[in-house]
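**Q** Below is the file target-v1.cif, with mmCIF, C-alpha atoms and all ligand atoms.
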```cif
data_data
loop_
_atom_site.label_atom_id
_atom_site.label_comp_id
_atom_site.auth_asym_id
_atom_site.auth_seq_id
_atom_site.Cartn_x
_atom_site.Cartn_y
_atom_site.Cartn_z
CA MET A 1 41.29 -83.55 130.00
CA THR A 2 40.09 -84.77 126.68
CA GLU A 3 41.58 -88.22 126.26
CA SER A 4 41.96 -87.99 122.47
CA ASN A 5 43.89 -84.73 122.10
CA GLU A 6 46.04 -84.97 125.12
CA ALA A 7 46.77 -88.67 124.65
CA ALA A 8 47.62 -88.21 120.98
CA LEU A 9 49.99 -85.37 121.79
CA GLN A 10 51.66 -87.35 124.49
CA ARG A 11 51.98 -90.40 122.29
CA ASN A 12 53.49 -88.33 119.53
CA ARG A 13 55.95 -86.85 121.95
CA GLN A 14 56.82 -90.24 123.34
CA LEU A 15 57.43 -91.80 119.93
CA THR A 16 59.47 -88.85 118.78
CA ARG A 17 61.49 -88.90 121.90
CA ARG A 18 62.17 -92.59 121.55
CA SER A 19 63.42 -92.20 117.99
CA PHE A 20 65.57 -89.32 119.16
CA LEU A 21 67.12 -91.28 121.94
CA THR A 22 67.74 -94.37 119.86
CA GLY A 23 68.64 -92.73 116.57
CA GLY A 24 70.77 -89.94 117.98
CA ILE A 25 71.32 -86.58 116.35
CA ALA A 26 70.47 -87.76 112.83
CA ALA A 27 67.01 -88.79 113.94
CA ALA A 28 66.66 -85.57 115.91
CA LEU A 29 66.89 -83.62 112.67
CA GLY A 30 64.21 -85.72 110.98
CA ALA A 31 60.67 -84.59 110.26
CA GLY A 32 59.09 -86.21 113.30
CA THR A 33 61.35 -84.39 115.67
CA LEU A 34 60.55 -81.07 114.09
CA THR A 35 56.95 -81.48 115.17
CA TRP A 36 58.21 -82.30 118.62
CA LEU A 37 60.45 -79.25 118.76
CA THR A 38 57.89 -76.79 117.48
CA ARG A 39 55.09 -77.85 119.79
CA SER A 40 54.80 -74.76 121.90
CA GLU A 41 54.60 -75.28 125.65
CA ALA A 42 54.73 -71.67 126.76
CA GLU A 43 54.35 -68.23 125.25
CA ASP A 44 57.36 -66.17 126.12
CA GLY A 45 57.52 -63.60 123.31
CA ILE A 46 60.65 -65.00 121.69
CA PRO A 47 60.32 -64.96 117.88
CA TRP A 48 59.64 -68.49 116.71
CA PRO A 49 62.85 -69.19 114.73
CA PHE A 50 65.02 -68.32 117.73
CA ARG A 51 62.65 -70.00 120.02
CA ARG A 52 63.09 -73.21 118.08
CA VAL A 53 66.85 -73.06 118.45
CA LEU A 54 66.54 -72.40 122.16
CA GLU A 55 64.08 -75.21 122.52
CA PHE A 56 66.32 -77.51 120.57
CA ASN A 57 69.25 -76.79 122.86
CA GLU A 58 67.08 -77.23 125.90
CA ARG A 59 65.67 -80.51 124.64
CA VAL A 60 69.09 -81.87 123.82
CA SER A 61 70.42 -81.16 127.29
CA ARG A 62 67.24 -82.47 128.86
CA ALA A 63 67.35 -85.63 126.80
CA ALA A 64 70.87 -86.22 128.08
CA PHE A 65 69.95 -85.96 131.74
CA ARG A 66 66.31 -86.81 132.05
CA ASP A 67 63.96 -89.57 131.26
CA ASP A 68 60.36 -88.47 131.04
CA ARG A 69 59.23 -91.08 128.54
CA LEU A 70 55.67 -92.06 129.20
CA ALA A 71 54.61 -95.40 130.56
CA PRO A 72 52.19 -97.24 128.23
CA GLN A 73 48.70 -95.82 128.01
CA PHE A 74 45.49 -97.68 127.26
CA ALA A 75 42.00 -96.96 126.00
CA LEU A 76 39.43 -96.31 128.68
CA SER A 77 37.58 -99.41 127.45
CA ALA A 78 40.62 -101.54 128.42
CA ALA A 79 40.47 -100.41 132.06
CA ALA A 80 39.12 -102.54 134.86
CA GLY A 81 35.96 -101.26 136.55
CA PRO A 82 36.26 -100.05 140.15
CA ALA A 83 34.56 -103.21 141.40
CA ASP A 84 37.12 -105.43 139.64
CA ALA A 85 40.17 -103.53 140.85
CA ARG A 86 42.46 -105.92 142.62
CA VAL A 87 43.60 -105.01 146.12
CA ASN A 88 47.09 -105.69 147.37
CA GLY A 89 48.88 -104.50 150.49
CA LEU A 90 47.04 -103.06 153.47
CA ILE A 91 49.96 -101.74 155.50
CA GLY A 92 48.93 -98.44 157.09
CA LEU A 93 45.27 -98.86 156.09
CA ARG A 94 43.89 -100.84 159.02
CA SER A 95 42.28 -98.00 160.93
CA ASP A 96 39.19 -96.14 159.72
CA ILE A 97 39.70 -92.99 157.76
CA ASP A 98 37.56 -89.84 157.90
CA VAL A 99 38.01 -87.78 154.74
CA GLY A 100 36.48 -84.77 156.50
CA THR A 101 39.27 -84.57 159.07
CA TRP A 102 42.10 -86.05 156.97
CA THR A 103 44.84 -83.60 156.00
CA LEU A 104 47.93 -83.86 153.87
CA THR A 105 51.08 -82.46 155.50
CA VAL A 106 53.84 -81.21 153.22
CA GLU A 107 57.26 -80.36 154.61
CA SER A 108 60.86 -80.08 153.46
CA ASP A 109 64.43 -80.02 154.80
CA ALA A 110 64.26 -76.23 155.10
CA GLY A 111 60.65 -75.04 154.99
CA ALA A 112 57.88 -75.07 157.58
CA ALA A 113 55.20 -77.76 157.35
CA ARG A 114 51.96 -76.88 155.57
CA THR A 115 48.72 -78.81 155.64
CA PHE A 116 46.11 -79.23 152.93
CA THR A 117 42.53 -80.40 153.11
CA TYR A 118 40.80 -82.73 150.70
CA ALA A 119 38.69 -79.77 149.50
CA GLN A 120 41.84 -77.86 148.56
CA LEU A 121 43.08 -80.80 146.51
CA ARG A 122 39.71 -81.16 144.83
CA SER A 123 39.84 -77.54 143.69
CA LEU A 124 42.95 -78.11 141.54
CA PRO A 125 42.95 -79.03 137.82
CA ARG A 126 42.19 -82.69 137.30
CA THR A 127 43.89 -85.28 135.13
CA THR A 128 43.14 -88.88 134.17
CA TRP A 129 45.69 -91.45 133.01
CA VAL A 130 44.74 -94.94 131.92
CA THR A 131 47.82 -96.89 132.89
CA GLU A 132 48.93 -100.22 134.24
CA LEU A 133 49.65 -100.91 137.87
CA LYS A 134 52.32 -103.61 137.97
CA CYS A 135 52.79 -105.53 141.16
CA ILE A 136 56.19 -107.04 141.79
CA GLU A 137 54.40 -110.28 142.71
CA GLY A 138 53.63 -110.83 139.04
CA TRP A 139 50.18 -109.47 138.27
CA SER A 140 49.17 -106.21 136.65
CA GLN A 141 46.00 -104.29 136.00
CA VAL A 142 44.98 -101.47 133.68
CA MET A 143 43.04 -98.77 135.54
CA ALA A 144 41.83 -95.23 134.99
CA PHE A 145 43.51 -93.17 137.70
CA SER A 146 42.20 -89.63 138.26
CA GLY A 147 43.32 -86.82 140.47
CA VAL A 148 45.80 -83.97 140.51
CA SER A 149 49.11 -84.28 138.75
CA PHE A 150 51.91 -84.13 141.31
CA ARG A 151 53.55 -81.34 139.28
CA ASP A 152 50.34 -79.30 139.28
CA PHE A 153 50.06 -79.63 143.05
CA LEU A 154 53.62 -78.30 143.54
CA LEU A 155 52.95 -75.45 141.10
CA ALA A 156 49.62 -74.49 142.65
CA TYR A 157 51.05 -74.11 146.15
CA GLY A 158 54.71 -73.33 145.42
CA LEU A 159 56.04 -76.54 147.01
CA GLY A 160 59.12 -78.71 146.65
CA THR A 161 61.79 -76.06 146.10
CA ARG A 162 64.87 -75.46 148.23
CA ASP A 163 64.41 -71.69 148.32
CA GLY A 164 60.65 -71.89 148.87
CA ARG A 165 59.86 -70.10 145.62
CA ALA A 166 57.48 -71.33 142.95
CA PRO A 167 58.98 -74.26 141.06
CA ASP A 168 60.16 -73.83 137.47
CA PHE A 169 60.54 -77.43 136.34
CA ASP A 170 62.36 -76.64 133.11
CA ARG A 171 64.61 -73.68 133.78
CA GLN A 172 65.36 -74.17 137.48
CA ARG A 173 64.90 -77.86 137.89
CA ASP A 174 67.80 -78.05 140.34
CA ASN A 175 65.89 -75.80 142.73
CA VAL A 176 63.52 -78.72 143.28
CA TYR A 177 64.66 -81.09 146.02
CA ASP A 178 66.37 -84.29 144.86
CA TYR A 179 63.87 -86.59 146.58
CA CYS A 180 60.52 -86.81 148.21
CA ALA A 181 59.30 -89.18 150.91
CA LEU A 182 55.63 -90.14 151.19
CA GLU A 183 54.14 -91.80 154.27
CA THR A 184 50.83 -93.11 155.52
CA PRO A 185 49.39 -91.09 158.43
CA ASP A 186 50.59 -93.77 160.89
CA ARG A 187 54.02 -93.88 159.16
CA SER A 188 53.91 -97.66 158.83
CA TYR A 189 54.19 -97.59 155.00
CA TYR A 190 56.53 -95.19 153.28
CA VAL A 191 58.15 -94.76 149.89
CA GLY A 192 60.94 -92.61 148.49
CA LEU A 193 61.01 -91.11 145.00
CA GLU A 194 63.70 -89.30 143.06
CA ARG A 195 62.96 -85.98 141.35
CA ASP A 196 62.47 -87.21 137.79
CA SER A 197 59.85 -89.63 139.02
CA PHE A 198 57.79 -87.32 141.21
CA LEU A 199 57.91 -84.68 138.45
CA HIS A 200 57.02 -87.21 135.76
CA PRO A 201 53.90 -86.07 133.88
CA GLN A 202 52.01 -89.29 134.67
CA THR A 203 52.59 -89.12 138.43
CA LEU A 204 49.26 -88.41 140.11
CA LEU A 205 47.93 -87.63 143.55
CA CYS A 206 45.01 -89.89 142.84
CA ASP A 207 41.60 -89.83 144.54
CA GLU A 208 39.53 -91.79 142.00
CA MET A 209 39.99 -95.16 140.33
CA GLY A 210 37.67 -96.20 137.52
CA GLY A 211 35.78 -92.92 137.94
CA GLU A 212 34.82 -93.61 141.56
CA PRO A 213 36.24 -92.28 144.82
CA LEU A 214 38.94 -94.52 146.26
CA SER A 215 37.77 -97.21 148.63
CA ARG A 216 39.58 -97.62 151.91
CA GLU A 217 41.57 -100.61 150.58
CA HIS A 218 42.70 -98.62 147.56
CA GLY A 219 43.92 -95.80 149.77
CA ALA A 220 41.13 -93.27 150.38
CA PRO A 221 41.20 -90.37 150.30
CA LEU A 222 44.50 -89.99 148.43
CA ARG A 223 47.05 -92.38 146.96
CA LEU A 224 49.92 -92.13 144.55
CA ALA A 225 49.52 -93.40 140.98
CA ILE A 226 52.98 -93.60 139.46
CA PRO A 227 53.05 -95.87 136.40
CA VAL A 228 56.80 -95.49 135.82
CA LYS A 229 57.27 -97.46 139.05
CA TYR A 230 56.15 -100.86 140.31
CA GLY A 231 53.07 -101.16 142.50
CA ILE A 232 55.12 -100.97 145.70
CA LYS A 233 55.78 -97.25 145.07
CA ASN A 234 52.07 -96.51 144.50
CA ILE A 235 51.51 -95.67 148.17
CA LYS A 236 47.91 -95.68 149.39
CA ARG A 237 46.48 -93.31 152.03
CA ILE A 238 49.12 -90.59 151.89
CA GLY A 239 49.36 -88.51 155.05
CA ARG A 240 52.68 -86.75 154.65
CA ILE A 241 55.02 -85.67 151.87
CA ARG A 242 58.52 -84.50 152.70
CA PHE A 243 61.00 -82.97 150.25
CA THR A 244 64.63 -83.66 150.99
CA ASP A 245 68.12 -83.94 149.54
CA SER A 246 68.87 -87.19 151.34
CA ARG A 247 67.54 -90.40 149.85
CA PRO A 248 64.50 -91.35 151.93
CA ALA A 249 63.86 -94.68 153.56
CA ASP A 250 61.56 -96.96 151.62
CA TYR A 251 59.51 -99.77 153.12
CA TRP A 252 60.23 -102.42 150.48
CA ALA A 253 63.80 -101.26 149.77
CA GLN A 254 64.51 -101.99 153.43
CA ARG A 255 63.22 -105.51 152.75
CA GLY A 256 65.49 -106.23 149.82
CA TYR A 257 63.75 -104.71 146.79
CA ASP A 258 65.40 -102.22 144.47
CA TRP A 259 65.06 -98.68 145.84
CA TYR A 260 64.08 -97.32 142.41
CA ALA A 261 61.61 -100.12 141.58
CA GLY A 262 61.11 -98.91 138.04
CA HIS A 263 61.96 -96.06 135.69
N1 LIG B 301 49.71 -97.85 152.32
C1 LIG B 301 50.04 -98.86 151.49
N2 LIG B 301 50.19 -98.60 150.18
C2 LIG B 301 50.50 -99.61 149.33
C3 LIG B 301 50.72 -100.92 149.80
C4 LIG B 301 50.57 -101.16 151.20
O1 LIG B 301 50.73 -102.27 151.72
N3 LIG B 301 50.21 -100.10 152.00
N4 LIG B 301 51.04 -101.93 148.91
C5 LIG B 301 51.57 -101.55 147.60
C6 LIG B 301 51.57 -102.62 146.63
S1 LIG B 301 52.69 -103.87 146.84
C7 LIG B 301 50.77 -102.60 145.51
S2 LIG B 301 50.93 -103.77 144.28
C8 LIG B 301 49.73 -101.56 145.33
C9 LIG B 301 48.38 -102.20 145.06
O2 LIG B 301 47.40 -101.22 144.87
P1 LIG B 301 45.89 -101.64 144.82
O3 LIG B 301 45.54 -102.33 146.10
O4 LIG B 301 45.10 -100.41 144.58
O5 LIG B 301 45.76 -102.63 143.66
O6 LIG B 301 49.63 -100.71 146.46
C10 LIG B 301 50.87 -100.33 147.02
N5 LIG B 301 50.62 -99.32 148.02
MO MO B 302 52.69 -105.07 144.92
#
```
Please render this file's structure as structure tokens.
**A**
Amino acid sequence: MTESNEAALQRNRQLTRRSFLTGGIAAALGAGTLTWLTRSEAEDGIPWPFRRVLEFNERVSRAAFRDDRLAPQFALSAAAGPADARVNGLIGLRSDIDVGTWTLTVESDAGAARTFTYAQLRSLPRTTWVTELKCIEGWSQVMAFSGVSFRDFLLAYGLGTRDGRAPDFDRQRDNVYDYCALETPDRSYYVGLERDSFLHPQTLLCDEMGGEPLSREHGAPLRLAIPVKYGIKNIKRIGRIRFTDSRPADYWAQRGYDWYAGH
């Protein structure tokens, strides 16, 4: 994506949303929010004045139930280079990894398991977010994370829904499972996420940091980059994703940390 356009749009949306949430309905009717409301996200043939009303209603109900505010973003120049990227946590990464034979398994409470190759993931639209990875131990680092947005992956392959149909994140959000569980191939490290977090626009299935393929310690070939959560949820070397309506086990939550760890 082009950093400038996309980032500016997102920032605008974020600021507007903030003022809406803090200022209430009065702020929602202000000039800034009008820009927010009229920014078209889909062409559906509804004449624009009606469309605006519909969108307004939708946004109001969404604002009441959802939090998709963006985590802070940074200029590319503020990001650490791949060589400087700090490494923390090697659970599930001890063995060698062969990207050629690695596969990602995706399953759900109801559906059959499906597997995806690295080549399939590479063929999807790519996104970069320059965000901060915050470790619960007290350090943080700004990095450029690139890969496939988690939402785009679900859309591309029709994953994550209870009835197995293509997801519609806005109109049929409840058809998406409440949670997903992600595990390393050896199942020794695992995290659980709730729907708003795995559908968050900045949540990435990430295969590059600082413009270079992930090293083994950073989770090659595929890790999660989820800036609305602490580092502990940014699982490296993902082998399996499972969609479920029961809250999944989480490695660090089982050891006393908050299950949500952010957002
Ligand atoms: N598989 C796996 N993923 C993991 C961990 C781990 O031990 N194993 N540690 C987590 C923690 S605590 C942090 S802070 C981040 C660190 O990511 P980095 O090594 O790329 O900086 O990875 C997270 N993901
Ligand atoms: Mo961490």
**Q** Show me which residues are within 8 Å of ligand MO 302 (chain B) counting only C-alpha atoms and all ligand atoms, and format the list as a list of chain:residue names.
**A** A:Asn88, A:Gly89, A:Lys134, A:Cys135, A:Ile136, A:Glu137, A:Tyr230, A:Gly231, A:Ile232
**Q** Those same residues, written as a compact mmCIF listing (two decimals), keeping the file's coordinate frame with C-alpha atoms?
**A**
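And here's selection.txt as it stands now:
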```txt
# COMPACT_ATOMS: atom_id res chain seq x y z
CA ASN A 88 47.09 -105.69 147.37
CA GLY A 89 48.88 -104.50 150.49
CA LYS A 134 52.32 -103.61 137.97
CA CYS A 135 52.79 -105.53 141.16
CA ILE A 136 56.19 -107.04 141.79
CA GLU A 137 54.40 -110.28 142.71
CA TYR A 230 56.15 -100.86 140.31
CA GLY A 231 53.07 -101.16 142.50
CA ILE A 232 55.12 -100.97 145.70
```
**Q** Nearest to ligand LIG 301 (chain B): which of A:Leu155, A:Ala225, A:Ala249, A:Ala71 is it, counting only C-alpha atoms and all ligand atoms?
**A**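 For ligand LIG 301 (chain B), the nearest of the candidates is A:Ala225.
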**Q** Enumerate as a short mmCIF file (atom, residue, chain, number, x, y, z; two decimals) with C-alpha atoms, in the coordinates of the input the residues within 7 Å of ligand LIG 301 (chain B), counting all atoms listed in the file.
**A**
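That gives us result.cif:
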```
data_model
loop_
_atom_site.label_atom_id
_atom_site.label_comp_id
_atom_site.auth_asym_id
_atom_site.auth_seq_id
_atom_site.Cartn_x
_atom_site.Cartn_y
_atom_site.Cartn_z
CA ALA A 85 40.17 -103.53 140.85
CA ARG A 86 42.46 -105.92 142.62
CA VAL A 87 43.60 -105.01 146.12
CA ASN A 88 47.09 -105.69 147.37
CA GLY A 89 48.88 -104.50 150.49
CA LEU A 90 47.04 -103.06 153.47
CA ILE A 91 49.96 -101.74 155.50
CA GLY A 92 48.93 -98.44 157.09
CA LEU A 93 45.27 -98.86 156.09
CA LYS A 134 52.32 -103.61 137.97
CA CYS A 135 52.79 -105.53 141.16
CA ILE A 136 56.19 -107.04 141.79
CA THR A 184 50.83 -93.11 155.52
CA TYR A 189 54.19 -97.59 155.00
CA GLU A 217 41.57 -100.61 150.58
CA HIS A 218 42.70 -98.62 147.56
CA GLY A 219 43.92 -95.80 149.77
CA GLY A 231 53.07 -101.16 142.50
CA ILE A 232 55.12 -100.97 145.70
CA LYS A 233 55.78 -97.25 145.07
CA ASN A 234 52.07 -96.51 144.50
CA ILE A 235 51.51 -95.67 148.17
CA LYS A 236 47.91 -95.68 149.39
CA ARG A 237 46.48 -93.31 152.03
#
```
**Q** Give me, please, the distance in Å between CA of Ala166 in chain A and CA of Pro221 in chain A, quoted to one decimal.
**A**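 Rounded to one decimal, the two atoms are 26.1 Å apart.
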**Q** In terms of the shortest atom-to-atom distance over all atoms listed in the file, which of A:Glu208, A:Pro227, A:Ser108, A:Tyr118 is closest to Ser140 in chain A?
**A**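 Of A:Glu208, A:Pro227, A:Ser108, A:Tyr118, the one nearest Ser140 in chain A, counting all atoms listed in the file, is A:Pro227.
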**Q** Kindly indicate which residue among A:Asp258, A:Asp207, A:Asp196, A:Asp245 lies nearest to Gly147 in chain A, using all atoms listed in the file for the distances.
**A**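 Among the listed residues, A:Asp207 lies closest to Gly147 in chain A.
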**Q** List the spatial neighbours of Ala80 in chain A as a ChimeraX atom specification - criterion: any atom at most 9 Å away, all atoms listed in the file, same-chain residues fewer than 6 positions off excluded.
**A** /A:141-144,210
**Q** What's the 12 Å shell around Tyr157 in chain A, counting all atoms listed in the file, without same-chain residues fewer than 2 positions away, as JSON, numbers by chain?
**A** {"A": [106, 114, 115, 116, 120, 121, 123, 124, 150, 151, 152, 153, 154, 155, 159, 160, 161, 164, 165, 166, 167]}
**Q** Between A:Arg171, A:Arg240, A:Arg247, A:His263, which residue has the minimum interatomic distance to Trp102 in chain A, considering all atoms listed in the file?
**A**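 Once distances to Trp102 in chain A are computed over all atoms listed in the file, the minimum belongs to A:Arg240.
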**Q** With all atoms listed in the file as the counted atoms, please give the residues lying no more than 6 Å from Gly262 in chain A, apart from itself and same-chain residues fewer than 2 positions off, as an NGL selection string.
**A** :A and (228-230 or 260)
**Q** Output, as AutoDock Vina command-line options, the centre and edge lengths in Å (one decimal) of the axis-aligned box that contains all listed atoms of range 252-256 of chain A with 3 Å of margin on each side.
**A**
```
--center_x 62.9 --center_y -103.7 --center_z 151.6 --size_x 11.3 --size_y 11.0 --size_z 9.7
```
**Q** Using all atoms listed in the file, which of the listed residues (A:Glu107, A:Glu183, A:Ile226, A:Arg195) sits closest to Ser149 in chain A?
**A**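 Selected residue with least distance to Ser149 in chain A: A:Ile226.
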**Q** Which residues are close to Thr244 in chain A, i.e. within 6 Å by all atoms listed in the file, leaving aside same-chain residues fewer than 5 positions away? Reply as a PyMOL selection string.
**A** chain A and resi 108-109+177+179-180
**Q** For Thr127 in chain A, which residue out of A:Val191, A:Phe145, A:Leu76, A:Gly111 is the nearest one, using all atoms listed in the file?
**A** A:Phe145
**Q** Rounded to one decimal in Å, what is the spacing between CA of Gly256 in chain A and CA of Leu182 in chain A?
**A** 18.9 Å
**Q** Skip Ala75 in chain A itself and residues of its chain fewer than 2 positions away, then list as a ChimeraX atom specification all residues within 7 Å of it, counting all atoms listed in the file.
**A** /A:77-78,130
**Q** So the first atom is CA of Leu104 in chain A and the second is CA of Leu222 in chain A; what is the distance between them in Å, to one decimal place?
**A**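 CA of Leu104 in chain A sits 8.9 Å away from CA of Leu222 in chain A.
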**Q** Could you complete range 128-146 of chain A so that it carries N, CA and C atoms, and give it back as an mmCIF file, in the coordinates of the input?
**A**
```cif
data_model
loop_
_atom_site.group_PDB
_atom_site.id
_atom_site.type_symbol
_atom_site.label_atom_id
_atom_site.label_comp_id
_atom_site.auth_asym_id
_atom_site.auth_seq_id
_atom_site.Cartn_x
_atom_site.Cartn_y
_atom_site.Cartn_z
ATOM 1 N N THR A 128 43.346 -87.425 134.152
ATOM 2 C CA THR A 128 43.140 -88.880 134.170
ATOM 3 C C THR A 128 44.201 -89.546 133.297
ATOM 4 N N TRP A 129 44.782 -90.618 133.804
ATOM 5 C CA TRP A 129 45.690 -91.450 133.010
ATOM 6 C C TRP A 129 45.196 -92.882 133.088
ATOM 7 N N VAL A 130 45.094 -93.514 131.929
ATOM 8 C CA VAL A 130 44.740 -94.940 131.920
ATOM 9 C C VAL A 130 46.041 -95.709 131.763
ATOM 10 N N THR A 131 46.503 -96.268 132.860
ATOM 11 C CA THR A 131 47.820 -96.890 132.890
ATOM 12 C C THR A 131 47.752 -98.223 133.638
ATOM 13 N N GLU A 132 48.886 -98.889 133.662
ATOM 14 C CA GLU A 132 48.930 -100.220 134.240
ATOM 15 C C GLU A 132 49.628 -100.187 135.588
ATOM 16 N N LEU A 133 48.990 -100.738 136.584
ATOM 17 C CA LEU A 133 49.650 -100.910 137.870
ATOM 18 C C LEU A 133 50.276 -102.304 137.881
ATOM 19 N N LYS A 134 51.597 -102.331 138.056
ATOM 20 C CA LYS A 134 52.320 -103.610 137.970
ATOM 21 C C LYS A 134 52.851 -103.982 139.347
ATOM 22 N N CYS A 135 52.318 -105.058 139.864
ATOM 23 C CA CYS A 135 52.790 -105.530 141.160
ATOM 24 C C CYS A 135 54.004 -106.417 140.954
ATOM 25 N N ILE A 136 54.949 -106.287 141.847
ATOM 26 C CA ILE A 136 56.190 -107.040 141.790
ATOM 27 C C ILE A 136 55.937 -108.543 141.984
ATOM 28 N N GLU A 137 54.749 -108.869 142.514
ATOM 29 C CA GLU A 137 54.400 -110.280 142.710
ATOM 30 C C GLU A 137 53.977 -110.965 141.412
ATOM 31 N N GLY A 138 53.852 -110.186 140.325
ATOM 32 C CA GLY A 138 53.630 -110.830 139.040
ATOM 33 C C GLY A 138 52.258 -110.640 138.414
ATOM 34 N N TRP A 139 51.430 -109.764 138.962
ATOM 35 C CA TRP A 139 50.180 -109.470 138.270
ATOM 36 C C TRP A 139 50.162 -107.978 137.915
ATOM 37 N N SER A 140 49.294 -107.634 136.974
ATOM 38 C CA SER A 140 49.170 -106.210 136.650
ATOM 39 C C SER A 140 47.730 -105.930 136.240
ATOM 40 N N GLN A 141 47.368 -104.663 136.285
ATOM 41 C CA GLN A 141 46.000 -104.290 136.000
ATOM 42 C C GLN A 141 45.952 -102.896 135.389
ATOM 43 N N VAL A 142 45.183 -102.780 134.302
ATOM 44 C CA VAL A 142 44.980 -101.470 133.680
ATOM 45 C C VAL A 142 43.824 -100.779 134.386
ATOM 46 N N MET A 143 44.056 -99.526 134.791
ATOM 47 C CA MET A 143 43.040 -98.770 135.540
ATOM 48 C C MET A 143 43.050 -97.320 135.080
ATOM 49 N N ALA A 144 41.889 -96.682 135.198
ATOM 50 C CA ALA A 144 41.830 -95.230 134.990
ATOM 51 C C ALA A 144 42.059 -94.568 136.342
ATOM 52 N N PHE A 145 43.161 -93.863 136.462
ATOM 53 C CA PHE A 145 43.510 -93.170 137.700
ATOM 54 C C PHE A 145 43.251 -91.671 137.500
ATOM 55 N N SER A 146 42.486 -91.065 138.389
ATOM 56 C CA SER A 146 42.200 -89.630 138.260
ATOM 57 C C SER A 146 42.596 -88.899 139.521
#
```
